[in-house]
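Please read the structure below before turning to the comments.
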Amino acid sequence: MFRRTFSRFCAGEEKRVGTRTVFVGNHPISETEAYIAQRFCDNRIVSSKYTLWNFLTKNLFEQFRRIANFYFLIIFLVQVTVDTPTSPVTSGLPLFFVITVTAIKQGYEDWLRHRADNEVNKSTVYIIENAKRVRKESEKIKVGDVVEVQADETFPCDLILLSSCTTDGTCYVTTASLDGESNCKTHYAVRDTITLCTAESIDTLRAAIECEQPQPDLYKFVGRINIYSNSLEAVARSLGPENLLLKGATLKNTKKIYGVAVYTGMETKMALNYQGKSQKRSAVEKSINAFLIVYLFILLTKAAVCTTLKYVWQSTPHNDEPWYNQKTQKERETLKVLKMFTDFLSFMVLFNFIIPVSMYVTVEMQKFLGSFFISWDKDFYDEEIHEGALVNTSDLNEELGQVDYVFTDKTGTLTENTMEFIECCIDGHKYKSVTQEVDGLSQTDGPLTYFDKADKNREELFLRALCLCHTVEIKTNDAVDGVTESAELTYISSSPDEIALVKGAKRYGFTFLGNRNGLMRVENQRKEIEEYELLHTLNFDSVRRRMSVIVKTQRGDILLFCKGADSAIFPRVQNHEIELTKAHVERNAMDGYRTLCVAFKEIAPDDYERINRQLLEAKMALQDREEKMEKVFDDIETNMNLIGATAVEDKLQDQAAETIEALHAAGLKVWVLTGDKMETAKSTCYACRLFQTSTELLELTTKTIEESERKEDRLHELLIEYRKKLLHEFPKSTRSLKKAWTEHQEYGLIIDGSTLSLILNSSQDSGSNNYKSIFLQICMKCTAVLCCRMAPLQKAQIVRMVKNLKGSPITLSIGDGANDVSMILESHVGIGIKGKEGRQAARNSDYSVPKFKHLKKLLLAHGHLYYVRIAHLVQYFFYKNLCFILPQFLYQFFCGFSQQPLYDAAYLTMYNICFTSLPILAYSLLEQHINIDTLTSDPRLYMKITGNAMLQLGPFLYWTFLAAFEGMVFFFGTYFLFQTASLEENGKLALDTRFWTWINHFVIWGSLAFYVFFSFFWGGIIWPFLKQQRMYFVFAQMLSSVSTWLAIILLIFISLFPEILLIVLKNVKRRTARRNLSCRRASDSLSARPSVRPLLLRTFSDESNIL
Amino acid sequence: MTWSATARGAHQPDNTAFTQQRLPAWQPLLSASITLPLFFCAGLAFIGLGLGLYYSSNGIVELEHDYTGDAGSSNCSVCAAEGQGRAPPPPCSCAWYFSLHELFPGPVYLYYELSSFYQNNRRYGVSRDDAQLSGLPSALRQPANECAPYQRSATGLPIAPCGAIANSLFNDTFSLWHQHQPAGPYVEVPLDRAAIAWWTDYHVKFRNPPLVNGSLALAFRGTAPPPNWPRPVYELSADPNNTGFVNQDFVVWMRTAALPTFRKLYARIRQGDYSAGLPRGAYRVNISYNYPVRAFGGHKLLIFSNISWMGGKNPFLGIAYLVVGALCILVGFAMLVVYIRYQDQTDDDDDDE
C-alpha cells in the first residue's frame, strides 16, 4: 500500500510534503529539546506475497477471484442447500482438489521468495552502538543507526555518508545494480564529520539530519545536517545526492565508511523503485475467462430451456404426478415459483460440468510441470556461472509465445559491460593490434601492425596522453610486493572506457603506474619512468562530453591533454588536422565502437597562471559554481591540436546481434531502455544490429530540443514532423506493417529520459495528451526504439505506456540489474539475466536465463510450443465438457425433465479429474507440432501464433461445433442403437459407457485402462457409504455384449470422421500449395507440415513419446 | 524439486532425451496416399460388418402384441374398461391368441414392454432404499427418506420394500398355452422364470433380512407392504428362494430403465419340448390384467423374441454401419477425384515453370 501510494505520488507531481528528522546514532540532541521518536519502518525487504498466517485466507480469496472457482463454490453451496440431482460431493471434491493443488503450488513458490528475502534480510551488518561495533542482522537497522560498511559490501539501507577511512572523507561507489552504470562514483562526507573515522569518535557526534520524505528518484536528495559541536551551536550543512549512499549500491575501493541510516527497508530509494508485485495474468487466461462466460451463458440457457419445458410437460396431470410416482405432501404444498427456482438451480447443478472445474488445475499442472523443460534445457546452461535457466513463475509459459514488444536493458544484457581497446589512429595513421589480448607487457616490437607509421614523437605524445588524461586509479593488491607490481596492476575508474584506454596504451608500451605524491608516473617504451605533476583535472561531464588534465612535465612544460567525443573535440582543434582522423572515427562508429578523440596543447607558464587562478576561483565559488567552472573549462579547452582517436569496443554479449535479428524476423519490436548515455547506447544499438546503417534515426533528445527557447514548442514541432514523415512512408497499413518493414525505409527512434518526461507529464493542458498519442504513433511505426538516460521508474512507465496501447500488446522485459526490476515487474513477462550486477533482477523476474542469447530459444521454441500446447489444452477442455454434458441435456427430453443425471455421480466426479485430465496433460506437455530446431531456425513461424491466434473466435467455434456434433452423435447413436434392443441391461448404462469409451477416443490407453478398471471396481463392490447401488455390475454386463462393442467402434468412427476428413482435405490443399512454392522456397516444406493433426493421431505420436 | 534449487553442482541439466524434449516421436502424416486406401478399407470393412449385422438382425423373429386394451383392440379392453378410474383395479384376466405357422426358433424370450412409463424420472428413480433391499435389519425398520411418500404406511409402520419403484411393481402375470392340434387341448408351455435377473443382483445386491425363527414372515414383522401391493413381500412366491427381496420379478423391476419405453424380461422358454423353440400351432397367453397404464397414457406389450450372436433385434446398428461404410467409400472417391485433379494441375504448373 505504502509503496503504491508513493509511486503514484512520483508519477504525478514530485512534491512530497513534510520532512523527516533523523538523529544520528539515535542520540537526542539536547535534554531541553523534547525527543520525539518518529516512527519509521524497519529495514526489512518483502517481496513475498503471503505470510504463514494470512496464507490460507489470502490464497483462498485470490483463488476464488477466478471465475471458475467462484462458480464452483456457488454450485457447491447450491448443492448443499437445495435438493439437487447430484450430491455436493460431485462438485465439492474436484473443487477441493483444485484448490488444494493450486494452494500447494503457490505456497511453494512463495516459500522460495521468502527464502530469497531472508537471504537479504538476515545478512550481517555492523552498527555502532555506544562506541562499539555491534553485529546485527540487516533487517534490524533502524533509521538513525550509524552503520559501518566495508569494501565490496552493498549498503543495507540508504545512508548519509559521515566519514570514510580516507582523509578527505570520500568514498567510491558503484551503482551498477541500481541504474546500470557500472562506473565508480565518488561520494562525499560533510566537512565537519570526516575526521570521525573510528567507532569511538563517531559515537560522540551529536547531529540531526533533516531530509525530505522518501521519494523514488535516485538522483534527487535534499537535506540538511545540523551538527552540534561542543559549543552547542548548531552548524548546518546542506546535503545533496552526493552525500547519500543508496541501498543496493556497492562500496568500492574504500576500506570502510560510516554512515547514518536515513531511509530503511521499503522506504529506500531502491525499494521505492520496485513496483508492487501484482499477480500477472496471461492472455490465455483472459481468453479462458471469456470462454467461461460464453459457456456460462450456454449453461444458463440450457437450464432455462429445461425448466420451461419441464413445466410445459408437467401441465398434463398424468405427467406431473402419475399414480406410480406420487409427490409427498410437502412437495405439493411448495410454492410454484419457489419450485421453479429450485428446478432452475437443479438444472444448473446438473449441467454445471460444462464448466470444466479441473481445467485450471490441469492448466496449472501443465504450466508447472512444463516449466521444468525450461530449467532442464541444457542450451540455457552457462558454463561460466554454472547455472541454467530458472523459472520463478510458471504462470506465464505460454505468454512467451505471444510477445509483441521486447524491452531490453543495455548494460549487462546486450553488452557484457567490459570495454576492450580495439584500435587507435594517430594523425590519421591506423594502429591496430593483430592478435588481441596478447599479454601487453612484451611491447615495443610487439604484436602491433603499423600500417604506416606516424611521426615517432606524435606517437609517443598520443600514448602519453592516453596514460595521463584520465581519472584512473591503481588498486594495489596488498599481497603483492613491489617487484611484481607491474604485473598486478588493477585499474579502477569511474569509466570502463578509461581503463580500456589505459590498458591500450600499456599494450603500446606506455604503462601508467599510478599517482604518487601528486605525481603521475608513467613507464615509457624504454622502461624509463616519467613523472608528471598533475595540476588540474577538468572532469568529464555529459554536456561538454570531454575531459582534460593539465600536467607539468619533469622539464617544466605545462601540457593540457583533452579527450572527448568527436563532436566535442573537432570544433576546438585546428581545422586542417580533422579530415584524416574524422574518416577513422566515422568508420569506427559504424562498426559500433565507442570512439574518443585525443587532443593536446601546450600552455605557456603565463597563461597557466591565469588559468590556474580562474580555476581556483571557479572552484571556490559558492554560487553558480557549475556554470562558472564550465565557462573556465570552455576557455581553456580551445585551440588544441588533434593527435588522434581511439576506438573501444563495448563488448557485446555472445550472439546478441543474432538474437536481435531473429527477434526482428519473428515480428517482435525491440526497444532498448538504458540508463546509459545516448552515444554509448547508440553505438551499442548499431553493433547489435538493432539499427542498421540504412536506418534513419529520429532523435528526440535533450540535445535536439534544447536548441530552441521553448522546449515544448520544439518538441511539438519535432513530433509533428516525425509523424508526417512516418505516415507518408507507411500509408495507413498498420496491418501489413510487419511486411512493410522489409520493403520500406526503416526508422529508429532515440529518446532520452528528460524528453520522455516532458512528453508524458509536461503540462496539464490539452497538449500533453496529444503529445503522448503522437509519440506513440511514432513509436509504433519505428522498427527499433532506443530510450537512454532512463530512471528505473521511467523504464516501467514506458512499458506501461506500451502495455496500454490499443490491442494491449504483450510486452517482455529483459534486464540484469536492480534498475531493471521495475520494468521487469511491469511488463507481462519479465526476464532476468543472472548477470554480474547482482541477482535482484533475476529474483524478481518470471524467468531468468544466464545470457541474452537464450531469449531466442526461450521465445521462439519454448514460447511457441507452450502456447500451442496450452491453447489446445484449453480448447480441448471446453470441448470435452460440452461433449460430456450435451447428452445429459438431451437426456432431459427423455426423462420428463426430472433432472435425472445421465451419468453416475462417481463418473461425474471423476470425469474431469481422472479420466480425461491425464491424456490431455501428457499431450500438452509433450506435443511438438513443429520440431524445436525448425522453430529456432525459422523465426517467421512465431508470427503465426501472435495475437492469441489459436484462442480466437474461429477456433473456438470450430471446437464447439465439433463438440456439439460429437455429443449429438453419442446421444442419438446410443438412443437409436438401443431403443429397440432387448438387451438384458440398463439402457442408461449403455449411454454411459458409450460415452465414456468414446471420451477415450483421445486416449492414452492408461486412462482407458483406468476407466475400465475403475468401472469394474466401482461396479464390483457394494459400497457401504452409498445409498444407491445402481452401478452395481452394470459395466461388466455391458462389456459381455457383442453389439456394445460394435456400437462403440461405430460411434467413435463417426465422431472422428469429420475431423479426419477436414484434416485430410487441408492436407491435400496444402500439399498442392506447397508444390507451387517448393521451387521457390525449399525451406517452406518444413514449416508447411500440418499444424493441426487429427487429435487421435496426435495422441499416437505422444504415445510413442511416452513409450 | 532440487533441480531448480540453488545447490551447487546440481545445476547442470541432465542431457537426456526427455529433459531436452527430444524423445523419438512418430508423426503420422495424413497424406492422400495413406488416407485414401485407409478410407476404402474402412468403408469396405464397415459395409461387410453392416451387412452381417443387418442380416443377423433380420434373422431374429419378434412377435409382439399390445394388450393395453384400447377399445375394441383385443379382449383385454374389457379389463381395461373395468379398471378405469379404480384404484386398485379389480383382478381381471384376458387372453391373447396367436398361431405360428412355422417353428419359432429358440431360445425364445418373453418380454413385457411398457411405454410412457418414466422409470427414469428422478423423483421415481431415487425412491428406493438399497440398504433395506440388501437385508440390513436396521434399514428395514428405518427406510430412507428418499422413499417418501412411500416411506411409512398410514399407521406409521415402515414400508418394506419402501419407495415408489417397489410400490409400482409390475404385477401382470402371463402363462403360455399351446394347442398342438387344431381343436385339441391347450397344454401349458413351461416358462423358465428363474435367473431372469442379473446374477449379481440376485445373489449379492438383493438379500432378505435374516430369518427370525426360520421364518421370513417374522423377519418382516412390524413392516407394512407397499400400499399398492395386495400381499406382503414375503408372500411374493411360495418358493423360499424366490420370495422377499430376492423375488426375480421384483429384482428385474427394481433395475430401472433409462428410457420411458422399456422392455423387461419375463421368462425364457427353453424347457422340455420347447428347448428348440416354439413349434407351429395355436397359442394362447393367459394374462392376469392388473397393471393400470392407461392412467398415464402408457401401453403394455407382450413380446416373444429370440436372440442372435449380436443380441436382440436391432436393425439400426447394421444400417448405421452400412451408411457409414458407404459414406467412407463415397468420400474416398471424392477425395480421389480431388487429388487427381490437383495433381494434374500441379503437374501442369510444374510444366509451366
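Going by the C-alpha cells order, chains are called A, B, ..., each with residues numbered from 1, while ligands are numbered from 1 in the order shown.
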
Test item: residues at most 9 Å from Ile141 in chain A, only C-alpha atoms, excluding those fewer than 6 positions along its chain, as a ChimeraX atom specification: /A:42-44,125,127,147,156-157,261,264-265

Requested write-out: N, CA, C and O atoms of the selected residues, as a compact mmCIF listing (two decimals), in the first residue's frame:
# COMPACT_ATOMS: atom_id res chain seq x y z
N ASP A 42 10.95 -0.58 9.49
CA ASP A 42 12.23 -1.24 9.72
C ASP A 42 12.86 -1.61 8.38
O ASP A 42 12.31 -1.35 7.32
N ASN A 43 14.01 -2.24 8.47
CA ASN A 43 14.80 -2.41 7.26
C ASN A 43 14.55 -3.75 6.59
O ASN A 43 15.45 -4.39 6.10
N ARG A 44 13.31 -4.16 6.62
CA ARG A 44 13.03 -5.46 6.03
C ARG A 44 12.53 -5.29 4.60
O ARG A 44 11.74 -4.40 4.32
N VAL A 125 25.28 -7.02 9.29
CA VAL A 125 25.78 -5.66 9.14
C VAL A 125 26.38 -5.26 10.49
O VAL A 125 26.13 -5.92 11.50
N ILE A 127 26.79 -2.23 13.27
CA ILE A 127 26.20 -0.98 13.69
C ILE A 127 27.01 -0.47 14.87
O ILE A 127 27.49 -1.26 15.70
N VAL A 147 25.95 3.01 10.62
CA VAL A 147 26.27 1.71 10.04
C VAL A 147 27.69 1.75 9.48
O VAL A 147 28.10 2.75 8.90
N PRO A 156 23.20 -1.59 3.20
CA PRO A 156 21.98 -2.26 3.60
C PRO A 156 20.76 -1.34 3.60
O PRO A 156 19.64 -1.80 3.66
N CYS A 157 20.97 -0.04 3.57
CA CYS A 157 19.85 0.88 3.51
C CYS A 157 20.41 2.20 2.97
O CYS A 157 21.59 2.30 2.69
N ALA A 261 21.78 5.82 8.81
CA ALA A 261 20.63 5.36 8.03
C ALA A 261 19.56 6.43 8.02
O ALA A 261 19.17 6.93 9.07
N THR A 264 15.04 3.36 5.36
CA THR A 264 15.25 1.93 5.58
C THR A 264 14.16 1.11 4.90
O THR A 264 13.06 1.60 4.62
N GLY A 265 14.49 -0.12 4.69
CA GLY A 265 13.52 -1.12 4.24
C GLY A 265 12.78 -0.71 2.98
O GLY A 265 13.38 -0.38 1.97

Residue list (alpha helix (DSSP H), DSSP) for range 193-425 of chain A, as a count of residues only: 86

12 Å contact set for Leu700 in chain A, only C-alpha atoms, chain neighbours under 4 positions out, as a PyMOL selection string: chain A and resi 678+704-707+711-712+714-722+748-759+775+778-779+785-788

Pick from B:Gly214, B:Pro279, B:Gly69, B:Pro260 nearest to Phe117 in chain B, counting only C-alpha atoms: B:Pro260

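Among A:Thr471, A:Thr553, A:Ser773, A:Gln314, the residue with the shortest atom-to-atom distance to chain B, counting only C-alpha atoms, is A:Gln314.
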
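Between Pro143 in chain B and the candidates B:Asn121, B:Ser237, B:Thr223, B:Ser308, the tightest atom-to-atom separation, counting only C-alpha atoms, involves B:Thr223.
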
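Distance-wise, CA of Ala681 in chain A and CA of Thr254 in chain A end up 29.6 Å apart.
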
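Around range 413-425 of chain A, within 7 Å and counting only C-alpha atoms, the residues found are Lys430, Tyr431, Lys432, Ser433, Pro496, Asp497, Ala500, Leu501, Gly504, Gly644, Ala645, Thr646, Ala647, Val648, Glu649, Asp650, Lys651, Leu652, Gln653, Ala656, Gly815, Asp816, Ile833 and Phe852 of chain A, once anything fewer than 5 positions away on its own chain is removed.
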
Just-selected residues, C-alpha atoms written as a PDB file, in the first residue's frame:
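Dumped to selection20.pdb:
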ATOM      1  CA  LYS A 430      45.817   3.447 -38.136  1.00  0.00           C
ATOM      2  CA  TYR A 431      47.264   1.320 -35.359  1.00  0.00           C
ATOM      3  CA  LYS A 432      45.671  -1.949 -34.683  1.00  0.00           C
ATOM      4  CA  SER A 433      46.848  -4.932 -32.765  1.00  0.00           C
ATOM      5  CA  PRO A 496      35.348   1.452 -18.019  1.00  0.00           C
ATOM      6  CA  ASP A 497      36.383   3.233 -21.218  1.00  0.00           C
ATOM      7  CA  ALA A 500      40.380   0.214 -21.637  1.00  0.00           C
ATOM      8  CA  LEU A 501      42.368   3.164 -22.903  1.00  0.00           C
ATOM      9  CA  GLY A 504      45.505   0.006 -24.591  1.00  0.00           C
ATOM     10  CA  GLY A 644      44.425  11.005 -32.805  1.00  0.00           C
ATOM     11  CA  ALA A 645      41.432   8.936 -31.960  1.00  0.00           C
ATOM     12  CA  THR A 646      40.728   5.699 -30.171  1.00  0.00           C
ATOM     13  CA  ALA A 647      38.201   3.015 -30.726  1.00  0.00           C
ATOM     14  CA  VAL A 648      36.952   0.995 -27.831  1.00  0.00           C
ATOM     15  CA  GLU A 649      34.588  -1.863 -28.114  1.00  0.00           C
ATOM     16  CA  ASP A 650      31.823  -2.212 -25.645  1.00  0.00           C
ATOM     17  CA  LYS A 651      31.847  -5.921 -25.950  1.00  0.00           C
ATOM     18  CA  LEU A 652      28.518  -7.312 -26.956  1.00  0.00           C
ATOM     19  CA  GLN A 653      27.136 -10.371 -25.367  1.00  0.00           C
ATOM     20  CA  ALA A 656      23.374 -10.580 -29.120  1.00  0.00           C
ATOM     21  CA  GLY A 815      17.421  -6.955 -17.814  1.00  0.00           C
ATOM     22  CA  ASP A 816      20.044  -7.844 -15.322  1.00  0.00           C
ATOM     23  CA  ILE A 833      19.659 -12.174 -16.581  1.00  0.00           C
ATOM     24  CA  PHE A 852      20.666 -12.565 -23.589  1.00  0.00           C
TER      25      PHE A 852
END

Residue neighbourhood Ala295 in chain B, 8 Å, only C-alpha atoms, exclusion window fewer than 2 positions, as number ranges by chain: A: 318, 322-323; B: 84-85, 292-293, 297-298

Would you mind exporting the chosen residues as a PDB file, in the first residue's frame, restricted to all heavy atoms?
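Contents of part09.pdb, freshly written:
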ATOM      1  N   HIS A 318     -51.126 -36.408 -15.799  1.00  0.00           N
ATOM      2  CA  HIS A 318     -50.530 -37.734 -15.608  1.00  0.00           C
ATOM      3  C   HIS A 318     -49.023 -37.709 -15.827  1.00  0.00           C
ATOM      4  O   HIS A 318     -48.321 -38.646 -15.485  1.00  0.00           O
ATOM      5  CB  HIS A 318     -51.222 -38.791 -16.484  1.00  0.00           C
ATOM      6  CG  HIS A 318     -51.033 -38.618 -17.952  1.00  0.00           C
ATOM      7  ND1 HIS A 318     -49.867 -38.859 -18.591  1.00  0.00           N
ATOM      8  CD2 HIS A 318     -51.904 -38.240 -18.929  1.00  0.00           C
ATOM      9  CE1 HIS A 318     -49.984 -38.637 -19.871  1.00  0.00           C
ATOM     10  NE2 HIS A 318     -51.232 -38.242 -20.103  1.00  0.00           N
ATOM     11  N   PRO A 322     -47.990 -39.135 -12.006  1.00  0.00           N
ATOM     12  CA  PRO A 322     -48.674 -40.394 -12.310  1.00  0.00           C
ATOM     13  C   PRO A 322     -48.865 -41.200 -11.034  1.00  0.00           C
ATOM     14  O   PRO A 322     -48.230 -40.926 -10.012  1.00  0.00           O
ATOM     15  CB  PRO A 322     -47.698 -41.076 -13.276  1.00  0.00           C
ATOM     16  CG  PRO A 322     -46.366 -40.490 -12.972  1.00  0.00           C
ATOM     17  CD  PRO A 322     -46.610 -39.108 -12.473  1.00  0.00           C
ATOM     18  N   TRP A 323     -49.724 -42.187 -11.114  1.00  0.00           N
ATOM     19  CA  TRP A 323     -50.068 -42.935  -9.896  1.00  0.00           C
ATOM     20  C   TRP A 323     -48.859 -43.636  -9.306  1.00  0.00           C
ATOM     21  O   TRP A 323     -48.764 -43.858  -8.114  1.00  0.00           O
ATOM     22  CB  TRP A 323     -51.194 -43.941 -10.166  1.00  0.00           C
ATOM     23  CG  TRP A 323     -50.790 -45.030 -11.149  1.00  0.00           C
ATOM     24  CD1 TRP A 323     -51.030 -45.048 -12.471  1.00  0.00           C
ATOM     25  CD2 TRP A 323     -50.065 -46.228 -10.842  1.00  0.00           C
ATOM     26  NE1 TRP A 323     -50.506 -46.153 -13.047  1.00  0.00           N
ATOM     27  CE2 TRP A 323     -49.907 -46.914 -12.061  1.00  0.00           C
ATOM     28  CE3 TRP A 323     -49.554 -46.805  -9.687  1.00  0.00           C
ATOM     29  CZ2 TRP A 323     -49.258 -48.140 -12.152  1.00  0.00           C
ATOM     30  CZ3 TRP A 323     -48.900 -48.016  -9.785  1.00  0.00           C
ATOM     31  CH2 TRP A 323     -48.752 -48.680 -11.002  1.00  0.00           C
TER      32      TRP A 323
ATOM     33  N   GLN B  84     -60.820 -48.891 -15.276  1.00  0.00           N
ATOM     34  CA  GLN B  84     -60.751 -47.451 -15.489  1.00  0.00           C
ATOM     35  C   GLN B  84     -61.170 -46.682 -14.248  1.00  0.00           C
ATOM     36  O   GLN B  84     -62.257 -46.841 -13.734  1.00  0.00           O
ATOM     37  CB  GLN B  84     -61.675 -47.082 -16.657  1.00  0.00           C
ATOM     38  CG  GLN B  84     -61.533 -45.663 -17.137  1.00  0.00           C
ATOM     39  CD  GLN B  84     -60.283 -45.492 -18.000  1.00  0.00           C
ATOM     40  OE1 GLN B  84     -60.018 -46.288 -18.879  1.00  0.00           O
ATOM     41  NE2 GLN B  84     -59.501 -44.454 -17.704  1.00  0.00           N
ATOM     42  N   GLY B  85     -60.267 -45.883 -13.777  1.00  0.00           N
ATOM     43  CA  GLY B  85     -60.608 -44.976 -12.680  1.00  0.00           C
ATOM     44  C   GLY B  85     -60.708 -45.640 -11.334  1.00  0.00           C
ATOM     45  O   GLY B  85     -61.089 -45.000 -10.361  1.00  0.00           O
ATOM     46  N   PRO B 292     -52.396 -50.950 -14.192  1.00  0.00           N
ATOM     47  CA  PRO B 292     -53.053 -49.865 -14.928  1.00  0.00           C
ATOM     48  C   PRO B 292     -52.020 -48.980 -15.631  1.00  0.00           C
ATOM     49  O   PRO B 292     -51.133 -48.429 -15.003  1.00  0.00           O
ATOM     50  CB  PRO B 292     -53.774 -49.071 -13.837  1.00  0.00           C
ATOM     51  CG  PRO B 292     -52.993 -49.339 -12.595  1.00  0.00           C
ATOM     52  CD  PRO B 292     -52.262 -50.629 -12.753  1.00  0.00           C
ATOM     53  N   VAL B 293     -52.124 -48.843 -16.923  1.00  0.00           N
ATOM     54  CA  VAL B 293     -51.203 -47.967 -17.649  1.00  0.00           C
ATOM     55  C   VAL B 293     -51.943 -46.854 -18.366  1.00  0.00           C
ATOM     56  O   VAL B 293     -51.349 -45.854 -18.750  1.00  0.00           O
ATOM     57  CB  VAL B 293     -50.350 -48.732 -18.680  1.00  0.00           C
ATOM     58  CG1 VAL B 293     -49.352 -49.609 -18.004  1.00  0.00           C
ATOM     59  CG2 VAL B 293     -51.231 -49.518 -19.625  1.00  0.00           C
ATOM     60  N   GLY B 297     -51.409 -42.738 -19.975  1.00  0.00           N
ATOM     61  CA  GLY B 297     -51.250 -42.774 -21.425  1.00  0.00           C
ATOM     62  C   GLY B 297     -50.240 -43.787 -21.897  1.00  0.00           C
ATOM     63  O   GLY B 297     -49.695 -43.651 -22.992  1.00  0.00           O
ATOM     64  N   GLY B 298     -49.993 -44.802 -21.088  1.00  0.00           N
ATOM     65  CA  GLY B 298     -48.990 -45.780 -21.461  1.00  0.00           C
ATOM     66  C   GLY B 298     -49.601 -46.978 -22.164  1.00  0.00           C
ATOM     67  O   GLY B 298     -50.814 -47.082 -22.336  1.00  0.00           O
TER      68      GLY B 298
END

Secondary structure check, strand (DSSP E or B) residues of range 145-247 of chain B, as a PyMOL selection string: chain B and resi 152+158-159+173-179+186-189+192+212+215+224

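Distance annotation: of B:Leu259, B:Ala267, B:Leu236, B:Val189, the residue with the minimal separation from chain A is B:Leu259; atom set is only C-alpha atoms.
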
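Considering the residues B:Leu322, B:Tyr339, B:Phe296, B:Val331 and counting only C-alpha atoms, Ser116 in chain B has its shortest atom-to-atom contact with B:Phe296.
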
Neighbour list for Ala131 in chain A as a ChimeraX atom specification, cut-off 7 Å, only C-alpha atoms, skip fewer than 3 positions in-chain: /A:128,199-200,203

Mind writing the picked residues with N, CA, C and O atoms as a PDB file, in the first residue's frame?
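Saved to selection-v7.pdb:
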ATOM      1  N   ILE A 128      27.207   0.846  14.909  1.00  0.00           N
ATOM      2  CA  ILE A 128      27.938   1.425  16.039  1.00  0.00           C
ATOM      3  C   ILE A 128      26.935   1.783  17.118  1.00  0.00           C
ATOM      4  O   ILE A 128      26.042   2.605  16.906  1.00  0.00           O
ATOM      5  N   ALA A 199      35.059   4.058  15.615  1.00  0.00           N
ATOM      6  CA  ALA A 199      33.770   3.810  16.260  1.00  0.00           C
ATOM      7  C   ALA A 199      33.568   4.733  17.443  1.00  0.00           C
ATOM      8  O   ALA A 199      32.457   5.200  17.720  1.00  0.00           O
ATOM      9  N   GLU A 200      34.665   5.017  18.178  1.00  0.00           N
ATOM     10  CA  GLU A 200      34.526   5.847  19.374  1.00  0.00           C
ATOM     11  C   GLU A 200      34.167   7.274  18.990  1.00  0.00           C
ATOM     12  O   GLU A 200      33.249   7.877  19.550  1.00  0.00           O
ATOM     13  N   ASP A 203      30.753   7.995  17.726  1.00  0.00           N
ATOM     14  CA  ASP A 203      29.707   7.927  18.734  1.00  0.00           C
ATOM     15  C   ASP A 203      29.537   9.262  19.462  1.00  0.00           C
ATOM     16  O   ASP A 203      28.504   9.482  20.081  1.00  0.00           O
TER      17      ASP A 203
END

Contact residues around Glu579 in chain A with only C-alpha atoms at 9 Å, ignoring same-chain residues under 4 positions, as a count of residues only: 3

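Checking B:Tyr289, B:Phe333, B:Tyr55, B:Trp198 one by one against chain A, counting only C-alpha atoms, you find the shortest gap at B:Trp198.
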